[in-house]
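Visitor: What follows is protein_39.txt, compact mmCIF, C-alpha atoms.
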# COMPACT_ATOMS: atom_id res chain seq x y z
CA MET A 1 21.73 6.18 1.70
CA TRP A 2 18.90 7.69 -0.25
CA ARG A 3 19.44 11.25 -1.43
CA TRP A 4 16.36 13.37 -0.90
CA ALA A 5 15.51 16.42 -2.96
CA GLU A 6 17.57 19.51 -2.38
CA ALA A 7 15.96 22.88 -1.79
CA GLY A 8 14.27 24.07 -4.98
CA ASP A 9 13.93 20.60 -6.53
CA LEU A 10 10.21 20.40 -5.85
CA GLU A 11 7.42 22.39 -7.43
CA GLY A 12 4.64 22.83 -4.90
CA GLY A 13 6.33 20.39 -2.55
CA ILE A 14 8.02 20.76 0.82
CA GLU A 15 11.78 21.25 1.09
CA MET A 16 13.31 18.07 2.52
CA SER A 17 16.95 19.05 2.66
CA ARG A 18 16.55 19.99 6.34
CA LEU A 19 16.06 16.35 7.29
CA GLY A 20 19.20 14.40 8.06
CA VAL A 21 20.40 10.90 7.28
CA VAL A 22 18.58 9.32 10.22
CA GLU A 23 15.30 11.03 9.47
CA ASP A 24 15.16 9.80 5.88
CA THR A 25 13.61 6.65 7.34
CA LEU A 26 10.50 8.80 7.79
CA PHE A 27 9.59 8.13 4.20
CA ILE A 28 9.80 4.33 4.15
CA PRO A 29 6.50 3.88 6.06
CA MET A 30 4.89 6.43 3.74
CA LEU A 31 6.11 4.43 0.72
CA GLY A 32 4.62 1.29 2.24
CA ARG A 33 1.25 2.92 2.80
CA LEU A 34 1.22 4.34 -0.72
CA TYR A 35 2.11 0.96 -2.23
CA ALA A 36 -0.56 -0.85 -0.21
CA SER A 37 -3.19 1.77 -1.03
CA GLU A 38 -2.52 1.50 -4.74
CA HIS A 39 -1.83 -2.23 -5.09
CA CYS A 40 -3.03 -4.08 -1.96
CA PRO A 41 -5.91 -2.07 -0.40
CA GLN A 42 -7.12 -5.25 1.28
CA ILE A 43 -4.14 -4.77 3.63
CA LEU A 44 -4.34 -1.00 4.07
CA TYR A 45 -5.97 1.93 2.32
CA ASP A 46 -4.63 5.36 3.26
CA GLY A 47 -6.46 8.14 1.47
CA LYS A 48 -4.46 10.85 3.23
CA ALA A 49 -1.16 9.37 2.07
CA LEU A 50 -2.48 9.35 -1.50
CA GLU A 51 -3.42 13.03 -1.13
CA LEU A 52 0.16 13.80 -0.08
CA LYS A 53 1.80 11.83 -2.87
CA GLU A 54 2.20 14.80 -5.21
CA LYS A 55 4.05 16.72 -2.48
CA LEU A 56 6.75 14.07 -2.18
CA PRO A 57 9.92 14.12 -4.33
CA SER A 58 9.72 12.04 -7.49
CA GLU A 59 12.84 10.04 -6.63
CA LEU A 60 11.24 8.98 -3.36
CA LEU A 61 8.44 7.37 -5.35
CA SER A 62 10.90 5.23 -7.31
CA GLN A 63 10.30 1.97 -5.45
CA GLY A 64 12.31 -0.29 -7.77
CA ARG A 65 14.83 -1.46 -5.23
CA LEU A 66 12.30 -2.19 -2.48
CA SER A 67 10.69 -5.61 -2.60
CA GLN A 68 6.95 -6.09 -2.20
CA TYR A 69 7.61 -7.76 1.13
CA THR A 70 9.59 -4.77 2.44
CA LEU A 71 6.91 -2.32 1.38
CA LEU A 72 4.08 -4.41 2.79
CA ALA A 73 5.92 -5.13 6.04
CA SER A 74 5.79 -1.39 6.66
CA ALA A 75 2.14 -1.17 5.64
CA ALA A 76 1.34 -4.16 7.87
CA ARG A 77 2.63 -2.26 10.88
CA SER A 78 0.15 0.51 10.18
CA ALA A 79 -2.63 -2.02 9.59
CA ASN A 80 -1.86 -3.75 12.89
CA MET A 81 -1.78 -0.45 14.75
CA ASP A 82 -5.07 0.60 13.14
CA ARG A 83 -6.76 -2.60 14.28
CA ILE A 84 -5.59 -2.18 17.87
CA ILE A 85 -6.43 1.54 17.97
CA ARG A 86 -9.95 0.92 16.66
CA THR A 87 -10.52 -1.84 19.22
CA PHE A 88 -9.27 0.44 22.00
CA LEU A 89 -11.58 3.26 20.91
CA GLU A 90 -14.52 0.86 20.75
CA ARG A 91 -13.85 0.02 24.40
CA ARG A 92 -12.98 3.57 25.41
CA PRO A 93 -14.43 6.04 22.89
CA ASP A 94 -13.16 8.94 24.99
CA GLY A 95 -9.65 7.49 25.12
CA VAL A 96 -6.48 9.31 24.10
CA ILE A 97 -4.12 8.05 21.40
CA VAL A 98 -0.42 8.97 21.62
CA GLN A 99 1.97 8.21 18.76
CA LEU A 100 5.62 8.08 19.75
CA GLY A 101 8.01 8.66 16.86
CA CYS A 102 5.04 9.71 14.75
CA GLY A 103 7.05 10.72 11.67
CA LEU A 104 4.59 11.17 8.81
CA GLU A 105 2.03 8.64 10.07
CA THR A 106 -1.54 9.48 9.06
CA VAL A 107 -3.43 7.13 11.36
CA TYR A 108 -5.57 9.97 12.74
CA TYR A 109 -7.28 10.23 9.36
CA ARG A 110 -7.89 6.47 9.20
CA CYS A 111 -9.03 5.76 12.75
CA ASP A 112 -10.37 8.90 14.42
CA ASN A 113 -13.83 8.34 15.93
CA GLY A 114 -14.81 12.01 16.06
CA LYS A 115 -14.48 12.14 19.87
CA SER A 116 -11.00 11.11 20.95
CA HIS A 117 -7.97 13.34 21.28
CA TRP A 118 -4.66 12.46 19.67
CA TYR A 119 -1.07 13.43 20.34
CA ALA A 120 1.84 12.99 17.92
CA VAL A 121 5.34 13.04 19.47
CA ASP A 122 8.66 13.30 17.64
CA LEU A 123 11.92 15.23 17.57
CA PRO A 124 11.55 19.00 17.05
CA HIS A 125 12.77 19.17 13.44
CA VAL A 126 10.63 16.17 12.49
CA VAL A 127 7.56 17.80 14.04
CA GLU A 128 8.37 21.00 12.18
CA TYR A 129 8.48 19.12 8.89
CA ARG A 130 5.34 17.15 9.74
CA ARG A 131 3.48 20.36 10.53
CA GLU A 132 4.30 21.77 7.08
CA LEU A 133 3.20 18.65 5.25
CA LEU A 134 0.37 17.71 7.65
CA PRO A 135 -1.01 20.74 9.52
CA GLU A 136 -2.50 19.83 12.91
CA PRO A 137 -6.11 18.64 12.53
CA GLU A 138 -8.86 19.54 14.96
CA ARG A 139 -8.14 17.01 17.73
CA GLU A 140 -4.52 16.02 17.15
CA THR A 141 -1.80 17.90 19.03
CA TYR A 142 1.84 17.79 17.93
CA LEU A 143 4.45 17.63 20.70
CA ALA A 144 8.13 18.17 19.94
CA GLY A 145 10.55 16.29 22.17
CA ASP A 146 12.41 13.11 22.98
CA ALA A 147 10.12 10.08 23.35
CA PHE A 148 12.39 8.73 26.10
CA VAL A 149 12.08 11.86 28.24
CA GLY A 150 8.90 12.22 30.26
CA ASP A 151 7.91 15.78 29.30
CA TRP A 152 5.33 14.59 26.76
CA ILE A 153 3.45 12.28 29.14
CA ARG A 154 3.42 14.92 31.88
CA LYS A 155 1.96 17.41 29.42
CA ILE A 156 -0.70 14.95 28.28
CA ARG A 157 -1.63 13.94 31.83
CA ALA A 158 -1.99 17.63 32.69
CA ASP A 159 -4.51 17.88 29.82
CA VAL A 160 -6.34 14.61 30.57
CA PRO A 161 -5.65 13.57 34.18
CA GLU A 162 -7.95 10.53 34.32
CA THR A 163 -8.49 9.51 30.70
CA PRO A 164 -7.21 6.11 29.53
CA ILE A 165 -4.32 6.39 27.09
CA LEU A 166 -3.09 4.11 24.32
CA VAL A 167 0.54 4.77 23.40
CA THR A 168 1.75 3.45 20.05
CA ALA A 169 5.43 3.10 19.12
CA GLY A 170 5.71 1.78 15.58
CA GLY A 171 9.18 1.05 14.24
CA LEU A 172 10.77 2.94 17.10
CA PHE A 173 12.27 0.70 19.75
CA HIS A 174 14.52 -1.48 17.56
CA TYR A 175 17.29 1.11 17.43
CA PHE A 176 17.69 1.61 21.20
CA GLU A 177 19.26 -0.38 24.01
CA GLU A 178 16.90 -2.52 26.06
CA SER A 179 17.61 -0.49 29.22
CA LYS A 180 16.34 2.65 27.51
CA VAL A 181 13.15 1.02 26.26
CA VAL A 182 12.47 -0.63 29.62
CA GLY A 183 13.11 2.69 31.35
CA LEU A 184 10.51 4.40 29.17
CA LEU A 185 7.92 1.66 29.74
CA ARG A 186 8.61 1.67 33.47
CA MET A 187 8.14 5.44 33.56
CA LEU A 188 4.70 5.10 31.98
CA THR A 189 3.51 2.91 34.86
CA GLU A 190 3.58 6.04 37.04
CA PHE A 191 0.95 7.85 34.96
CA GLY A 192 -2.29 6.00 35.50
CA GLU A 193 -4.24 3.84 33.07
CA ILE A 194 -2.03 3.39 30.02
CA GLU A 195 -1.75 0.74 27.32
CA VAL A 196 1.28 0.49 25.04
CA VAL A 197 1.46 -1.26 21.68
CA PHE A 198 4.60 -1.67 19.59
CA ASP A 199 6.24 -3.93 17.06
CA ALA A 200 9.33 -5.87 18.12
CA LEU A 201 11.83 -8.19 16.53
CA SER A 202 13.07 -11.42 18.06
CA LYS A 203 16.81 -11.93 18.42
CA SER A 204 16.86 -13.90 15.18
CA GLY A 205 14.66 -11.28 13.58
CA VAL A 206 17.19 -8.56 14.38
CA ALA A 207 19.93 -10.60 12.71
CA MET A 208 17.80 -11.14 9.60
CA MET A 209 16.69 -7.52 9.44
CA GLN A 210 20.23 -6.17 9.62
CA LYS A 211 21.60 -8.76 7.19
CA LYS A 212 18.99 -8.36 4.47
CA TYR A 213 16.28 -5.75 4.73
CA MET A 214 18.17 -2.76 6.16
CA LYS A 215 20.69 -3.05 3.32
CA GLN A 216 17.86 -3.17 0.80
CA MET A 217 16.48 0.07 2.26
CA GLY A 218 19.88 1.74 2.11
CA HIS A 219 20.51 1.60 5.86
CA GLY A 220 22.99 -1.25 6.12
CA ASP A 221 25.01 0.60 8.73
CA ALA A 222 22.05 1.14 11.07
CA GLN A 223 22.39 -0.81 14.31
CA MET A 224 19.49 -2.54 16.03
CA PHE A 225 19.70 -3.40 19.71
CA PHE A 226 16.26 -4.04 21.20
CA TYR A 227 14.58 -7.39 20.70
CA VAL A 228 11.86 -9.35 22.48
CA ASP A 229 11.77 -13.13 22.56
CA SER A 230 9.09 -13.18 25.28
CA ALA A 231 6.62 -10.42 26.09
CA SER A 232 6.03 -11.85 29.58
CA GLU A 233 9.76 -11.69 30.31
CA LEU A 234 9.82 -8.09 29.12
CA ALA A 235 6.84 -7.25 31.34
CA GLY A 236 8.71 -8.76 34.28
CA LYS A 237 11.66 -6.47 33.63
CA ILE A 238 9.38 -3.44 33.57
CA GLY A 239 7.70 -4.18 36.89
CA SER A 240 4.89 -5.95 38.70
CA GLY A 241 2.27 -3.44 37.55
CA VAL A 242 2.44 -4.49 33.90
CA ARG A 243 0.48 -7.24 32.15
CA VAL A 244 0.59 -8.58 28.61
CA LEU A 245 -2.64 -8.06 26.70
CA ALA A 246 -1.38 -9.59 23.45
CA GLU A 247 1.70 -11.00 21.79
CA GLU A 248 1.01 -11.98 18.20
CA PRO A 249 2.96 -12.85 15.05
CA TYR A 250 3.23 -9.75 12.92
CA PHE A 251 1.35 -10.95 9.83
CA CYS A 252 -1.30 -13.15 11.44
CA HIS A 253 -4.11 -10.64 10.71
CA ILE A 254 -2.79 -9.53 7.32
CA PRO A 255 -4.66 -10.87 4.24
CA ARG A 256 -2.32 -12.45 1.70
CA ASN A 257 -4.61 -12.89 -1.30
CA GLY A 258 -3.10 -11.46 -4.47
CA LEU A 259 0.44 -11.14 -3.11
CA LYS A 260 3.58 -12.44 -4.79
CA LEU A 261 4.59 -15.95 -3.77
CA SER A 262 7.92 -14.68 -2.40
CA THR A 263 6.05 -12.19 -0.19
CA LYS A 264 3.70 -14.89 1.12
CA ILE A 265 6.66 -17.14 1.92
CA SER A 266 8.53 -14.36 3.74
CA MET A 267 5.43 -13.56 5.78
CA ALA A 268 4.85 -17.21 6.62
CA VAL A 269 8.47 -17.75 7.70
CA SER A 270 8.40 -14.60 9.83
CA ASP A 271 5.24 -15.72 11.62
CA ARG A 272 6.33 -19.35 11.95
CA PHE A 273 9.45 -18.34 13.86
CA TRP A 274 7.97 -15.24 15.52
CA MET A 275 10.70 -13.10 13.97
CA VAL A 276 8.51 -10.00 14.18
CA LYS A 277 5.59 -9.56 16.52
CA MET A 278 3.07 -7.09 17.87
CA ILE A 279 3.15 -6.60 21.63
CA HIS A 280 0.37 -4.95 23.63
CA LEU A 281 0.98 -4.15 27.30
CA ALA A 282 -1.10 -2.45 29.97
CA THR A 283 -0.45 -0.92 33.37
CA GLU A 284 -2.55 -2.18 36.25
Show how you would write the structure in this file as structure tokens.
Guide:
Amino acid sequence: MWRWAEAGDLEGGIEMSRLGVVEDTLFIPMLGRLYASEHCPQILYDGKALELKEKLPSELLSQGRLSQYTLLASAARSANMDRIIRTFLERRPDGVIVQLGCGLETVYYRCDNGKSHWYAVDLPHVVEYRRELLPEPERETYLAGDAFVGDWIRKIRADVPETPILVTAGGLFHYFEESKVVGLLRMLTEFGEIEVVFDALSKSGVAMMQKKYMKQMGHGDAQMFFYVDSASELAGKIGSGVRVLAEEPYFCHIPRNGLKLSTKISMAVSDRFWMVKMIHLATE
């Protein structure tokens, strides 16, 4: 596991010793966004992440053991989410964006249209840390709680009873049993017009991720359970009121100019065998 800075290690930074072993995965997406912003802005440019860089521990920024593919796979998730969020807000400029398992994601600063309202949901101690590093902006509300418990959606629906909602869940579902994920998605069908977008691994993708990339990131013991080989089959498990808006290979919209050959090959293999994908569902 990575060892994060102990209290007092940082000058002008935020103490990270409160975050546990599981939560250290918060920083991997941030590393990916920083790497892309500095080396591959054609994939993703995140000015807010660059602003926060000096507040992160120096050892976190030592990316030597992470491959370019691993870093850009994380950045690609954010790029994919950005594209879908922007398209949603073009259709529904008054729409609400909800980020489940928000961690330190800074999508509000990349995609806000000046009108929409945003909600960021995560566990209480993660939200506490996020609030210190990223104080709540004007139209983004932080909600502390379990993504798989319905308190957050009831609170949001009380605020915006009729407004269309796009729920994003980036890098979240892999670590939970299918029954738990399906239960959450089924619950959302009871709350009006909602779209959900998330990244998912195939069964073979889970095996590859656990064998290779989780070890590289220092999380070789982490177990992954949820996978999707067919979005339409998943929708059928959720219920008749769900339709598939999109199921796409993960890297199909990601520009590959200027990348290392090994990264291009890994991306091409992933897409050829649909090992990772973006899934976009909607309630009817």
Visitor: Find the nearest atom pair between each residue of segment 202-270 of chain A and segment 23-45 of chain A for residues within 8 Å, count all atoms listed in the file, give distances in Å to one decimal, sort rows by chain and ascending number, and present the table as JSON lines.
Guide:
{"residue": "A:Ile254", "atom": "CA", "partner": "A:Ile43", "partner_atom": "CA", "distance": 6.2}
{"residue": "A:Pro255", "atom": "CA", "partner": "A:Ile43", "partner_atom": "CA", "distance": 6.2}
{"residue": "A:Gly258", "atom": "CA", "partner": "A:Cys40", "partner_atom": "CA", "distance": 7.8}
{"residue": "A:Leu259", "atom": "CA", "partner": "A:Cys40", "partner_atom": "CA", "distance": 8.0}
Visitor: Export C-alpha atoms of the chosen residues as a CSV table (one decimal), keeping the file's coordinate frame?
Guide:
chain,number,residue,atom,x,y,z
A,254,ILE,CA,-2.8,-9.5,7.3
A,255,PRO,CA,-4.7,-10.9,4.2
A,258,GLY,CA,-3.1,-11.5,-4.5
A,259,LEU,CA,0.4,-11.1,-3.1
Visitor: What gap, in Å, lies between atom CA of Ser240 of chain A and atom CA of Glu195 of chain A?
Guide: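 Answer for the atom CA of Ser240 of chain A to atom CA of Glu195 of chain A separation: 14.8 Å.
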Visitor: Any idea what's packed within 6 Å of Asp122 of chain A, counting only C-alpha atoms, ignoring anything in its chain fewer than 5 positions away? Could you give it as number ranges by chain?
Guide: A: 101-102, 127, 144-145
Visitor: Between A:Glu54, A:Glu178, A:Asp146, A:Asp271, which residue has the minimum interatomic distance to Cys252 of chain A, considering all atoms listed in the file?
Guide: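 Using all atoms listed in the file, the shortest distance to Cys252 of chain A belongs to A:Asp271.
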Visitor: For a quick check of understanding, using only C-alpha atoms, which of A:Val121, A:Ile265, A:Val276, A:Val149 has the smallest distance to Ala207 of chain A?
Guide: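 Closest candidate: A:Val276.
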Visitor: Counting only C-alpha atoms, figure out which residue out of A:Val228, A:Leu188, A:Ala49, A:Leu234 gets nearest to Gly150 of chain A.
Guide: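 Among the listed residues, A:Leu188 lies closest to Gly150 of chain A.
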Visitor: Could you tell me, as a ChimeraX atom specification, which residues have any atom at most 12 Å from (5.8, 18.2, 24.3), counting all atoms listed in the file?
Guide: /A:98,100,119-124,127,141-159
Visitor: Write the selection just made, keeping C-alpha atoms, as a JSON list (two decimals), in the coordinates of the input?
Guide:
[["chain", "number", "residue", "atom", "x", "y", "z"],
["A", 98, "VAL", "CA", -0.42, 8.97, 21.62],
["A", 100, "LEU", "CA", 5.62, 8.08, 19.75],
["A", 119, "TYR", "CA", -1.07, 13.43, 20.34],
["A", 120, "ALA", "CA", 1.84, 12.99, 17.92],
["A", 121, "VAL", "CA", 5.34, 13.04, 19.47],
["A", 122, "ASP", "CA", 8.66, 13.30, 17.64],
["A", 123, "LEU", "CA", 11.92, 15.23, 17.57],
["A", 124, "PRO", "CA", 11.55, 19.00, 17.05],
["A", 127, "VAL", "CA", 7.56, 17.80, 14.04],
["A", 141, "THR", "CA", -1.80, 17.90, 19.03],
["A", 142, "TYR", "CA", 1.84, 17.79, 17.93],
["A", 143, "LEU", "CA", 4.45, 17.63, 20.70],
["A", 144, "ALA", "CA", 8.13, 18.17, 19.94],
["A", 145, "GLY", "CA", 10.55, 16.29, 22.17],
["A", 146, "ASP", "CA", 12.41, 13.11, 22.98],
["A", 147, "ALA", "CA", 10.12, 10.08, 23.35],
["A", 148, "PHE", "CA", 12.39, 8.73, 26.10],
["A", 149, "VAL", "CA", 12.08, 11.86, 28.24],
["A", 150, "GLY", "CA", 8.90, 12.22, 30.26],
["A", 151, "ASP", "CA", 7.91, 15.78, 29.30],
["A", 152, "TRP", "CA", 5.33, 14.59, 26.76],
["A", 153, "ILE", "CA", 3.45, 12.28, 29.14],
["A", 154, "ARG", "CA", 3.42, 14.92, 31.88],
["A", 155, "LYS", "CA", 1.96, 17.41, 29.42],
["A", 156, "ILE", "CA", -0.70, 14.95, 28.28],
["A", 157, "ARG", "CA", -1.63, 13.94, 31.83],
["A", 158, "ALA", "CA", -1.99, 17.63, 32.69],
["A", 159, "ASP", "CA", -4.51, 17.88, 29.82]]
Visitor: What does the distance between atom CA of Trp118 of chain A and atom CA of Arg91 of chain A come to in Å, to one decimal place?
Guide: 16.2 Å
Visitor: Which of these residues is nearest to Leu166 of chain A, using only C-alpha atoms: A:Val96, A:Met275, A:Ala75, A:Val182?
Guide: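 For Leu166 of chain A, the nearest of the candidates is A:Val96.
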